Amino acid sequence: MPNRKWIKPKALGKDSHQTQGNAYQTMTSPSPHGDCDRFIPPNSRKSSSSALSELLLDITTKMDQNLELISAMDKKLTALIDHMDRLERLMTHLGQSTAQVDSLAWRQQDEIQKCVEHLLQENHHLAARVEQLERQVPATNLRVLGLPVEEEEFKEAFGLFDRTPTGAMQITYAQCGDVLRALGHNPTNAEVLKVLGKPKPEEMNTKMLDFETFLPILQHFTRNKEQGTFEDFVEGLRVFDKEGNGMVMGAELRHVLVTLGEKMTESEVEQLMAGQEDANGCINYEAFVKHIMSG
């Protein structure tokens, strides 16, 4: 422990007693700030009050800043809510539009499906009728030579186009041209309308034609059927004359006769072209046409 020096107290006189009393009174008198204030210097009390004021001012400033920030955030939140409301309305509108588009697409798909099914049925029915017609009516008589056939065969061919529920042997005006073409003729629509008496467009699918009425029409086109001329046949074959020398390839002509137009069988083509090809497999098509028309 550090050494402490002992200081001898001075003798107290009369004045000393008075000073000692005043000191005692000062130490024992209550202070308005409590006992602690007796030990805080005045300068320290002023410094603490100033620091407290600055602290309160800083807190007030930060609270004002926080209030401004809260106000700004409230405005942004309000704008965000409005934006979300607009998005929700837009999504609802899009949902309704999508539902309408889907409904329209389904209806169109159903209509297309029905049309496809109808076309498939018609195609199947037509293929069956053509097959039956080709099997029962010789092509060489009806479609190539245009020669008359028995009336019963015409009637049977006519019946293939009969769509009446009871099989009344009737066709519509619109089917008349199809029946004529199936029987080897090639009338124009104007010619068909002329022999039918020039009906109105709405009557083509409503007016009916029985076989007895159709037969004179068929006979009319049979009598007036125009045979192609020499020039017509030559002009048709000239399309295949690539060299412009009046010759066509025999293989190409065989392919055309077998696959295009009124198709011929391979045996019929071979019989028709016998002796017409030269050493190079080419045919003089003008001589070929003369040979066909003379025989």
# chains A, B, ... in the order shown; residues from 1 in each chain; ligands from 1
call {"tool": "residues_around", "arguments": {"residues": "stretch 190-203 of chain A", "least_positions_apart": "4", "cutoff": "12 Å", "atoms": "only C-alpha atoms", "output": "MDAnalysis selection string"}}
result
chainID A and resid 172:181 185:186 207:209 213:221 224:225
call {"tool": "residues_around", "arguments": {"residues": "stretch 163-169 of chain A", "least_positions_apart": "6", "cutoff": "9 Å", "atoms": "only C-alpha atoms", "output": "ChimeraX atom specification"}}
result
/A:155,209-211
call {"tool": "write_last_selection", "arguments": {"atoms": "N, CA, C and O atoms", "output": "tab-separated table (two decimals), in the first residue's frame"}}
result
chain	number	residue	atom	x	y	z
A	155	LYS	N	-80.51	-47.78	-117.85
A	155	LYS	CA	-81.37	-47.64	-116.66
A	155	LYS	C	-80.63	-48.04	-115.40
A	155	LYS	O	-80.76	-47.41	-114.35
A	209	LEU	N	-85.74	-35.64	-111.98
A	209	LEU	CA	-85.75	-36.13	-113.35
A	209	LEU	C	-85.82	-37.65	-113.30
A	209	LEU	O	-84.94	-38.29	-112.71
A	210	ASP	N	-86.87	-38.25	-113.89
A	210	ASP	CA	-86.95	-39.71	-113.90
A	210	ASP	C	-86.26	-40.26	-115.15
A	210	ASP	O	-85.85	-39.51	-116.05
A	211	PHE	N	-86.15	-41.59	-115.22
A	211	PHE	CA	-85.40	-42.19	-116.32
A	211	PHE	C	-86.07	-41.96	-117.67
A	211	PHE	O	-85.41	-41.75	-118.69
call {"tool": "atom_distance", "arguments": {"atom1": "atom CA of A:Gln170", "atom2": "atom CA of A:Asn205"}}
result
12.0 Å
